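Participant: The file below is data_11.cif, mmCIF, C-alpha atoms:
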data_structure
loop_
_atom_site.group_PDB
_atom_site.id
_atom_site.type_symbol
_atom_site.label_atom_id
_atom_site.label_comp_id
_atom_site.auth_asym_id
_atom_site.auth_seq_id
_atom_site.Cartn_x
_atom_site.Cartn_y
_atom_site.Cartn_z
ATOM 1 C CA MET A 1 -14.777 -8.294 6.798
ATOM 2 C CA SER A 2 -11.563 -9.596 8.282
ATOM 3 C CA GLY A 3 -7.865 -9.380 7.658
ATOM 4 C CA HIS A 4 -5.869 -7.562 5.051
ATOM 5 C CA SER A 5 -2.706 -8.484 3.241
ATOM 6 C CA LYS A 6 -0.439 -5.822 1.834
ATOM 7 C CA TRP A 7 3.016 -7.247 1.268
ATOM 8 C CA SER A 8 5.294 -4.753 2.927
ATOM 9 C CA GLN A 9 8.912 -3.752 2.512
ATOM 10 C CA ILE A 10 9.062 -2.622 6.134
ATOM 11 C CA LYS A 11 10.561 -5.876 7.413
ATOM 12 C CA HIS A 12 13.380 -5.515 4.886
ATOM 13 C CA LYS A 13 14.158 -1.828 5.447
ATOM 14 C CA LYS A 14 16.480 -2.059 8.446
ATOM 15 C CA GLY A 15 18.936 -4.310 6.688
ATOM 16 C CA ALA A 16 18.540 -2.704 3.304
ATOM 17 C CA THR A 17 21.640 -2.026 1.268
ATOM 18 C CA ASP A 18 22.280 1.473 -0.064
ATOM 19 C CA GLN A 19 21.130 0.260 -3.479
ATOM 20 C CA LYS A 20 17.838 -1.087 -2.098
ATOM 21 C CA ARG A 21 17.320 2.052 -0.047
ATOM 22 C CA GLY A 22 17.921 4.173 -3.131
ATOM 23 C CA GLN A 23 15.382 2.113 -5.078
ATOM 24 C CA LEU A 24 12.827 2.512 -2.288
ATOM 25 C CA PHE A 25 13.361 6.282 -2.156
ATOM 26 C CA SER A 26 12.931 6.468 -5.938
ATOM 27 C CA LYS A 27 9.664 4.510 -5.787
ATOM 28 C CA LEU A 28 8.290 6.710 -3.042
ATOM 29 C CA ALA A 29 9.301 9.858 -4.949
ATOM 30 C CA LYS A 30 7.351 8.618 -7.986
ATOM 31 C CA LYS A 31 4.340 7.945 -5.785
ATOM 32 C CA ILE A 32 4.509 11.492 -4.409
ATOM 33 C CA SER A 33 4.944 13.042 -7.880
ATOM 34 C CA ILE A 34 1.962 11.273 -9.396
ATOM 35 C CA ALA A 35 -0.203 12.019 -6.351
ATOM 36 C CA ALA A 36 0.700 15.721 -6.559
ATOM 37 C CA LYS A 37 -0.137 16.084 -10.269
ATOM 38 C CA ASP A 38 -3.640 17.514 -9.864
ATOM 39 C CA ASN A 39 -3.237 19.058 -6.429
ATOM 40 C CA PRO A 40 0.135 19.703 -4.748
ATOM 41 C CA ASP A 41 -1.460 20.629 -1.404
ATOM 42 C CA PRO A 42 -1.397 17.619 0.968
ATOM 43 C CA SER A 43 -3.933 19.257 3.296
ATOM 44 C CA THR A 44 -6.624 18.818 0.625
ATOM 45 C CA ASN A 45 -5.144 15.829 -1.235
ATOM 46 C CA TYR A 46 -5.344 12.716 0.952
ATOM 47 C CA LYS A 47 -3.551 10.596 -1.643
ATOM 48 C CA LEU A 48 -0.568 12.954 -1.595
ATOM 49 C CA GLN A 49 -0.607 13.107 2.205
ATOM 50 C CA ALA A 50 -0.583 9.292 2.342
ATOM 51 C CA ALA A 51 2.406 9.181 -0.030
ATOM 52 C CA ILE A 52 4.261 11.771 2.056
ATOM 53 C CA ASP A 53 3.511 9.872 5.275
ATOM 54 C CA GLU A 54 4.816 6.658 3.737
ATOM 55 C CA ALA A 55 7.995 8.419 2.606
ATOM 56 C CA LYS A 56 8.533 9.884 6.071
ATOM 57 C CA SER A 57 8.097 6.454 7.674
ATOM 58 C CA ALA A 58 10.845 5.177 5.357
ATOM 59 C CA ASN A 59 13.113 8.059 6.444
ATOM 60 C CA VAL A 60 13.103 9.750 3.044
ATOM 61 C CA PRO A 61 14.803 13.158 3.529
ATOM 62 C CA LYS A 62 12.531 16.213 3.586
ATOM 63 C CA ASP A 63 14.370 17.730 0.598
ATOM 64 C CA ASN A 64 13.615 14.625 -1.480
ATOM 65 C CA ILE A 65 9.923 14.856 -0.602
ATOM 66 C CA GLU A 66 9.712 18.557 -1.496
ATOM 67 C CA ARG A 67 11.598 17.942 -4.739
ATOM 68 C CA ALA A 68 9.176 15.153 -5.684
ATOM 69 C CA ILE A 69 6.186 17.452 -5.125
ATOM 70 C CA LYS A 70 7.749 20.229 -7.233
ATOM 71 C CA SER A 71 8.634 17.793 -10.023
ATOM 72 C CA SER A 72 4.978 16.779 -10.434
ATOM 73 C CA SER A 73 4.503 19.539 -13.024
ATOM 74 C CA GLU A 74 7.605 18.640 -15.047
ATOM 75 C CA LYS A 75 7.563 16.684 -18.307
ATOM 76 C CA ASP A 76 9.086 13.460 -16.966
ATOM 77 C CA SER A 77 6.543 13.305 -14.156
ATOM 78 C CA ALA A 78 3.723 14.191 -16.545
ATOM 79 C CA GLU A 79 4.464 10.983 -18.454
ATOM 80 C CA LEU A 80 4.108 8.836 -15.336
ATOM 81 C CA LYS A 81 0.919 6.826 -15.017
ATOM 82 C CA GLU A 82 -0.516 4.321 -12.557
ATOM 83 C CA VAL A 83 -0.997 0.751 -13.718
ATOM 84 C CA VAL A 84 -2.912 -1.973 -11.871
ATOM 85 C CA ILE A 85 -2.031 -5.559 -12.761
ATOM 86 C CA GLN A 86 -4.033 -8.533 -11.513
ATOM 87 C CA ALA A 87 -2.655 -12.048 -11.249
ATOM 88 C CA VAL A 88 -3.239 -15.519 -9.845
ATOM 89 C CA GLY A 89 -0.376 -17.049 -7.867
ATOM 90 C CA PRO A 90 0.442 -20.344 -6.120
ATOM 91 C CA GLU A 91 -2.650 -22.098 -4.679
ATOM 92 C CA SER A 92 -4.796 -19.709 -6.753
ATOM 93 C CA ILE A 93 -3.980 -16.776 -4.484
ATOM 94 C CA ALA A 94 -5.374 -13.528 -5.938
ATOM 95 C CA ILE A 95 -2.765 -10.790 -6.365
ATOM 96 C CA ILE A 96 -3.133 -7.088 -7.161
ATOM 97 C CA ILE A 97 0.004 -5.206 -8.200
ATOM 98 C CA GLU A 98 0.141 -1.411 -8.340
ATOM 99 C CA ALA A 99 2.881 0.150 -10.458
ATOM 100 C CA ILE A 100 3.902 3.630 -11.576
ATOM 101 C CA THR A 101 5.545 3.795 -14.983
ATOM 102 C CA ASP A 102 6.339 5.964 -17.993
ATOM 103 C CA ASN A 103 5.867 2.944 -20.284
ATOM 104 C CA SER A 104 2.883 0.713 -19.486
ATOM 105 C CA ASN A 105 3.644 -1.953 -22.093
ATOM 106 C CA ARG A 106 7.212 -2.398 -20.856
ATOM 107 C CA THR A 107 6.165 -2.674 -17.221
ATOM 108 C CA ILE A 108 3.294 -5.081 -17.909
ATOM 109 C CA ASN A 109 5.512 -7.360 -20.012
ATOM 110 C CA GLU A 110 8.277 -7.375 -17.400
ATOM 111 C CA VAL A 111 5.822 -8.142 -14.597
ATOM 112 C CA LYS A 112 4.281 -10.880 -16.741
ATOM 113 C CA ASN A 113 7.723 -12.499 -17.083
ATOM 114 C CA ILE A 114 8.265 -12.388 -13.312
ATOM 115 C CA LEU A 115 4.864 -13.999 -12.773
ATOM 116 C CA SER A 116 5.457 -16.783 -15.294
ATOM 117 C CA LYS A 117 8.806 -17.665 -13.686
ATOM 118 C CA ASN A 118 7.129 -18.007 -10.293
ATOM 119 C CA ASN A 119 4.114 -20.260 -10.865
ATOM 120 C CA ALA A 120 1.784 -17.320 -11.413
ATOM 121 C CA LYS A 121 -0.087 -15.838 -14.358
ATOM 122 C CA MET A 122 -1.760 -12.616 -15.397
ATOM 123 C CA ALA A 123 -5.505 -12.288 -14.859
ATOM 124 C CA GLU A 124 -7.872 -10.118 -16.859
ATOM 125 C CA VAL A 125 -7.954 -6.582 -15.468
ATOM 126 C CA GLY A 126 -10.936 -6.238 -13.147
ATOM 127 C CA SER A 127 -11.580 -9.971 -12.875
ATOM 128 C CA LEU A 128 -10.384 -10.113 -9.245
ATOM 129 C CA ASP A 129 -12.040 -6.893 -8.053
ATOM 130 C CA TRP A 130 -14.925 -8.796 -6.454
ATOM 131 C CA MET A 131 -12.497 -10.461 -4.028
ATOM 132 C CA PHE A 132 -11.357 -7.160 -2.493
ATOM 133 C CA ASP A 133 -12.660 -3.949 -0.968
ATOM 134 C CA LYS A 134 -10.645 -0.788 -1.562
ATOM 135 C CA LEU A 135 -10.563 0.936 1.820
ATOM 136 C CA GLY A 136 -8.661 3.435 3.912
ATOM 137 C CA VAL A 137 -6.547 1.818 6.632
ATOM 138 C CA VAL A 138 -5.231 3.693 9.666
ATOM 139 C CA LYS A 139 -2.978 1.778 12.076
ATOM 140 C CA PHE A 140 -1.354 2.482 15.408
ATOM 141 C CA THR A 141 0.481 0.318 17.924
ATOM 142 C CA LYS A 142 -1.051 -0.716 21.229
ATOM 143 C CA GLU A 143 2.068 0.676 22.898
ATOM 144 C CA ASN A 144 0.922 4.027 21.530
ATOM 145 C CA LYS A 145 -2.579 3.809 23.031
ATOM 146 C CA ASP A 146 -5.514 1.409 23.113
ATOM 147 C CA LEU A 147 -9.087 2.370 22.243
ATOM 148 C CA ASN A 148 -11.820 2.480 24.848
ATOM 149 C CA GLU A 149 -15.468 1.729 24.069
ATOM 150 C CA GLU A 150 -16.474 5.398 23.848
ATOM 151 C CA GLN A 151 -13.672 6.149 21.373
ATOM 152 C CA GLU A 152 -14.657 3.155 19.252
ATOM 153 C CA LEU A 153 -18.249 4.411 19.068
ATOM 154 C CA ILE A 154 -17.070 7.911 18.050
ATOM 155 C CA LEU A 155 -14.902 6.397 15.297
ATOM 156 C CA ILE A 156 -17.771 4.242 14.023
ATOM 157 C CA GLU A 157 -20.070 7.286 13.912
ATOM 158 C CA ALA A 158 -17.355 9.113 11.929
ATOM 159 C CA GLY A 159 -17.210 6.370 9.290
ATOM 160 C CA VAL A 160 -15.032 3.519 10.583
ATOM 161 C CA GLN A 161 -16.429 0.253 9.211
ATOM 162 C CA ASP A 162 -14.250 -2.187 11.113
ATOM 163 C CA ILE A 163 -11.746 -2.145 13.976
ATOM 164 C CA GLN A 164 -9.193 -4.965 13.995
ATOM 165 C CA LYS A 165 -6.898 -5.725 16.911
ATOM 166 C CA ASN A 166 -3.976 -8.083 17.385
ATOM 167 C CA ASN A 167 -1.296 -8.326 20.056
ATOM 168 C CA GLU A 168 0.717 -5.444 18.621
ATOM 169 C CA GLU A 169 -1.500 -3.014 16.724
ATOM 170 C CA ILE A 170 -4.983 -1.720 16.034
ATOM 171 C CA SER A 171 -6.285 -1.085 12.507
ATOM 172 C CA THR A 172 -9.317 1.023 11.628
ATOM 173 C CA LEU A 173 -10.904 0.524 8.202
ATOM 174 C CA CYS A 174 -13.012 3.141 6.431
ATOM 175 C CA GLN A 175 -14.077 4.383 3.004
ATOM 176 C CA THR A 176 -11.187 5.917 1.060
ATOM 177 C CA GLU A 177 -12.628 9.441 1.231
ATOM 178 C CA ASP A 178 -12.812 9.210 5.048
ATOM 179 C CA LEU A 179 -9.157 8.218 5.507
ATOM 180 C CA TYR A 180 -7.832 11.551 6.747
ATOM 181 C CA THR A 181 -10.979 12.379 8.705
ATOM 182 C CA ILE A 182 -10.357 9.218 10.732
ATOM 183 C CA LYS A 183 -6.629 9.857 11.005
ATOM 184 C CA ASN A 184 -7.203 13.398 12.294
ATOM 185 C CA LEU A 185 -9.907 12.194 14.681
ATOM 186 C CA LEU A 186 -7.449 9.716 16.208
ATOM 187 C CA ILE A 187 -4.898 12.513 16.605
ATOM 188 C CA GLU A 188 -7.547 14.592 18.416
ATOM 189 C CA MET A 189 -8.016 11.606 20.758
ATOM 190 C CA GLY A 190 -4.317 11.729 21.584
ATOM 191 C CA ILE A 191 -3.461 8.739 19.410
ATOM 192 C CA LYS A 192 -0.654 9.091 16.877
ATOM 193 C CA PRO A 193 -1.281 6.852 13.834
ATOM 194 C CA ASP A 194 1.757 5.011 12.489
ATOM 195 C CA TYR A 195 0.199 4.358 9.085
ATOM 196 C CA ALA A 196 -2.615 5.777 6.944
ATOM 197 C CA GLU A 197 -3.033 4.446 3.409
ATOM 198 C CA ILE A 198 -5.526 3.082 0.919
ATOM 199 C CA GLU A 199 -5.361 -0.696 0.512
ATOM 200 C CA TYR A 200 -7.071 -3.562 -1.262
ATOM 201 C CA ILE A 201 -8.616 -5.607 1.577
ATOM 202 C CA PRO A 202 -9.503 -9.250 0.798
ATOM 203 C CA LYS A 203 -13.128 -10.093 1.589
ATOM 204 C CA ASN A 204 -12.306 -13.725 2.357
ATOM 205 C CA PRO A 205 -8.595 -14.254 3.149
ATOM 206 C CA ILE A 206 -7.182 -17.684 2.305
ATOM 207 C CA LEU A 207 -4.810 -19.453 4.684
ATOM 208 C CA MET A 208 -2.173 -21.301 2.678
ATOM 209 C CA GLN A 209 -1.471 -24.736 4.176
ATOM 210 C CA ASP A 210 1.542 -25.845 2.139
ATOM 211 C CA ASN A 211 4.799 -24.260 3.346
ATOM 212 C CA SER A 212 6.514 -24.796 0.000
ATOM 213 C CA GLU A 213 3.692 -22.892 -1.730
ATOM 214 C CA LYS A 214 3.978 -20.125 0.870
ATOM 215 C CA ASN A 215 7.687 -19.867 0.092
ATOM 216 C CA LYS A 216 6.933 -19.660 -3.629
ATOM 217 C CA LEU A 217 4.500 -16.819 -2.999
ATOM 218 C CA GLU A 218 7.020 -14.956 -0.829
ATOM 219 C CA LYS A 219 9.699 -15.386 -3.516
ATOM 220 C CA LEU A 220 7.274 -14.044 -6.125
ATOM 221 C CA PHE A 221 6.488 -10.993 -3.989
ATOM 222 C CA GLU A 222 10.181 -10.300 -3.410
ATOM 223 C CA GLU A 223 10.932 -10.465 -7.142
ATOM 224 C CA LEU A 224 7.975 -8.225 -7.946
ATOM 225 C CA ASN A 225 9.098 -5.762 -5.300
ATOM 226 C CA ASP A 226 12.583 -5.685 -6.824
ATOM 227 C CA HIS A 227 11.067 -4.262 -10.012
ATOM 228 C CA ASP A 228 11.640 -0.497 -10.140
ATOM 229 C CA ASP A 229 8.056 0.300 -11.168
ATOM 230 C CA VAL A 230 6.164 -1.866 -8.663
ATOM 231 C CA GLU A 231 4.823 0.203 -5.766
ATOM 232 C CA ASN A 232 2.395 -2.026 -3.848
ATOM 233 C CA ILE A 233 1.478 -5.707 -3.781
ATOM 234 C CA TYR A 234 -1.751 -7.040 -2.259
ATOM 235 C CA SER A 235 -3.120 -10.563 -2.026
ATOM 236 C CA ASN A 236 -5.896 -12.552 -0.384
ATOM 237 C CA ASN A 237 -3.354 -14.702 1.444
ATOM 238 C CA GLY A 238 -4.544 -14.484 5.054
#
Would you mind writing the file out in structure tokens?

Facilitator:
Amino acid sequence: MSGHSKWSQIKHKKGATDQKRGQLFSKLAKKISIAAKDNPDPSTNYKLQAAIDEAKSANVPKDNIERAIKSSSEKDSAELKEVVIQAVGPESIAIIIEAITDNSNRTINEVKNILSKNNAKMAEVGSLDWMFDKLGVVKFTKENKDLNEEQELILIEAGVQDIQKNNEEISTLCQTEDLYTIKNLLIEMGIKPDYAEIEYIPKNPILMQDNSEKNKLEKLFEELNDHDDVENIYSNNG
């Protein structure tokens, strides 16, 4: 198991216009509302806690977060549903798109149009599942703190399946139900995680060789991200 590829808005946030920032806040509010539907208590709802953490990292005001949790029981929020769309992009890159919408047909058709304009096409739902593992991912920067061998062993015993390191950060991968156990264990070790979410992790990442194809894929991801309903984009591009 190596590598993971969630296309992130983080690199675009600092220079975001007010309009883009407003769109991001709206997306994160929808994610919080749908996560809070069955259980509005983040201490026992790891999906809600992950959505709140993501909103906080994007500097969403506390009032907005609380309002999104409260709205989870209202009619408009009750009509929201999660949609997963699978697609094949340039160089046969596998793509998984997560959206939250009050009209599945509209969202799917609009995403399909974006795909077709960008050398990509819809795939049958579930047909790409075998290429990915759905796992919890907890990240922290090396500036924060590195892991020693004893800590790594404790994390593995607690359910961590893989520990990935690069020059800047460390990622721990675990089963989705262990996400907040691992996050809290890191906090007990004196390590403050910067990120804790559930992701689709490619089993065999593909390194694209053609720069023009890479640019096409990036353009596709940017256009998908501009859609109001699209929440997350994953691919097996390494």

Participant: Applied to this file, what does the PyMOL selection byres ((chain A and resi 69) around 9) return in terms of residues, put as JSON, numbers by chain?

Facilitator: {"A": [29, 32, 33, 34, 35, 36, 37, 40, 48, 64, 65, 66, 67, 68, 70, 71, 72, 73]}

Participant: With C-alpha atoms kept, could you save the residues just selected as a PDB file, in the coordinates of the input?

Facilitator:
ATOM      1  CA  ALA A  29       9.301   9.858  -4.949  1.00  0.00           C
ATOM      2  CA  ILE A  32       4.509  11.492  -4.409  1.00  0.00           C
ATOM      3  CA  SER A  33       4.944  13.042  -7.880  1.00  0.00           C
ATOM      4  CA  ILE A  34       1.962  11.273  -9.396  1.00  0.00           C
ATOM      5  CA  ALA A  35      -0.203  12.019  -6.351  1.00  0.00           C
ATOM      6  CA  ALA A  36       0.700  15.721  -6.559  1.00  0.00           C
ATOM      7  CA  LYS A  37      -0.137  16.084 -10.269  1.00  0.00           C
ATOM      8  CA  PRO A  40       0.135  19.703  -4.748  1.00  0.00           C
ATOM      9  CA  LEU A  48      -0.568  12.954  -1.595  1.00  0.00           C
ATOM     10  CA  ASN A  64      13.615  14.625  -1.480  1.00  0.00           C
ATOM     11  CA  ILE A  65       9.923  14.856  -0.602  1.00  0.00           C
ATOM     12  CA  GLU A  66       9.712  18.557  -1.496  1.00  0.00           C
ATOM     13  CA  ARG A  67      11.598  17.942  -4.739  1.00  0.00           C
ATOM     14  CA  ALA A  68       9.176  15.153  -5.684  1.00  0.00           C
ATOM     15  CA  LYS A  70       7.749  20.229  -7.233  1.00  0.00           C
ATOM     16  CA  SER A  71       8.634  17.793 -10.023  1.00  0.00           C
ATOM     17  CA  SER A  72       4.978  16.779 -10.434  1.00  0.00           C
ATOM     18  CA  SER A  73       4.503  19.539 -13.024  1.00  0.00           C
TER      19      SER A  73
END

Participant: Set the distance at 12 Å and use only C-alpha atoms: which residues neighbour segment 145-160 of chain A once local chain neighbours fewer than 5 positions away are removed? I'd like the list as a PyMOL selection string.

Facilitator: chain A and resi 135-140+165-194

Participant: Within 6 Å of segment 196-213 of chain A, counting only C-alpha atoms, which residues show up once you throw out same-chain ones fewer than 5 positions away? Write them as a ChimeraX atom specification, please.

Facilitator: /A:1,4,50,131-138,236-238

Participant: Quick one, how far is atom CA of Ala55 of chain A from atom CA of Leu24 of chain A?

Facilitator: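 Atom CA of Ala55 of chain A sits 9.1 Å away from atom CA of Leu24 of chain A.
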
Participant: List the spatial neighbours of Val230 of chain A as a ChimeraX atom specification - criterion: any atom at most 7 Å away, only C-alpha atoms, same-chain residues fewer than 3 positions off excluded.

Facilitator: /A:98-100,224-225,227

Participant: Taking into account all atoms listed in the file, which residue in the set A:Ile233, A:Asp226, A:Arg106, A:Leu115 is nearest to Gln23 of chain A?

Facilitator: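 Checking each candidate against Gln23 of chain A, we get A:Asp226 as the closest.
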
Participant: Select, from A:Ile52, A:Ala58, A:Ile114, A:Leu128, the residue with the minimum atom-to-atom distance to Ile95 of chain A, counting all atoms listed in the file.

Facilitator: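 Smallest separation from Ile95 of chain A among the options: A:Leu128.
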
Participant: Pick from A:Ser116, A:Ser43, A:Pro61, A:Lys81: nearest to Ser104 of chain A, with all atoms listed in the file counted?

Facilitator: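 Of A:Ser116, A:Ser43, A:Pro61, A:Lys81, the one nearest Ser104 of chain A is A:Lys81, counting all atoms listed in the file.
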
Participant: State, in Å with one decimal place, the distance from atom CA of Ile97 of chain A to atom CA of Lys62 of chain A.

Facilitator: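 Between atom CA of Ile97 of chain A and atom CA of Lys62 of chain A the gap is 27.5 Å.
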
Participant: Choose the residue, out of A:Asp63, A:Lys27, A:Asn113, A:Ala51, that has the smallest atom-to-atom separation from Leu80 of chain A; count all atoms listed in the file.

Facilitator: A:Lys27
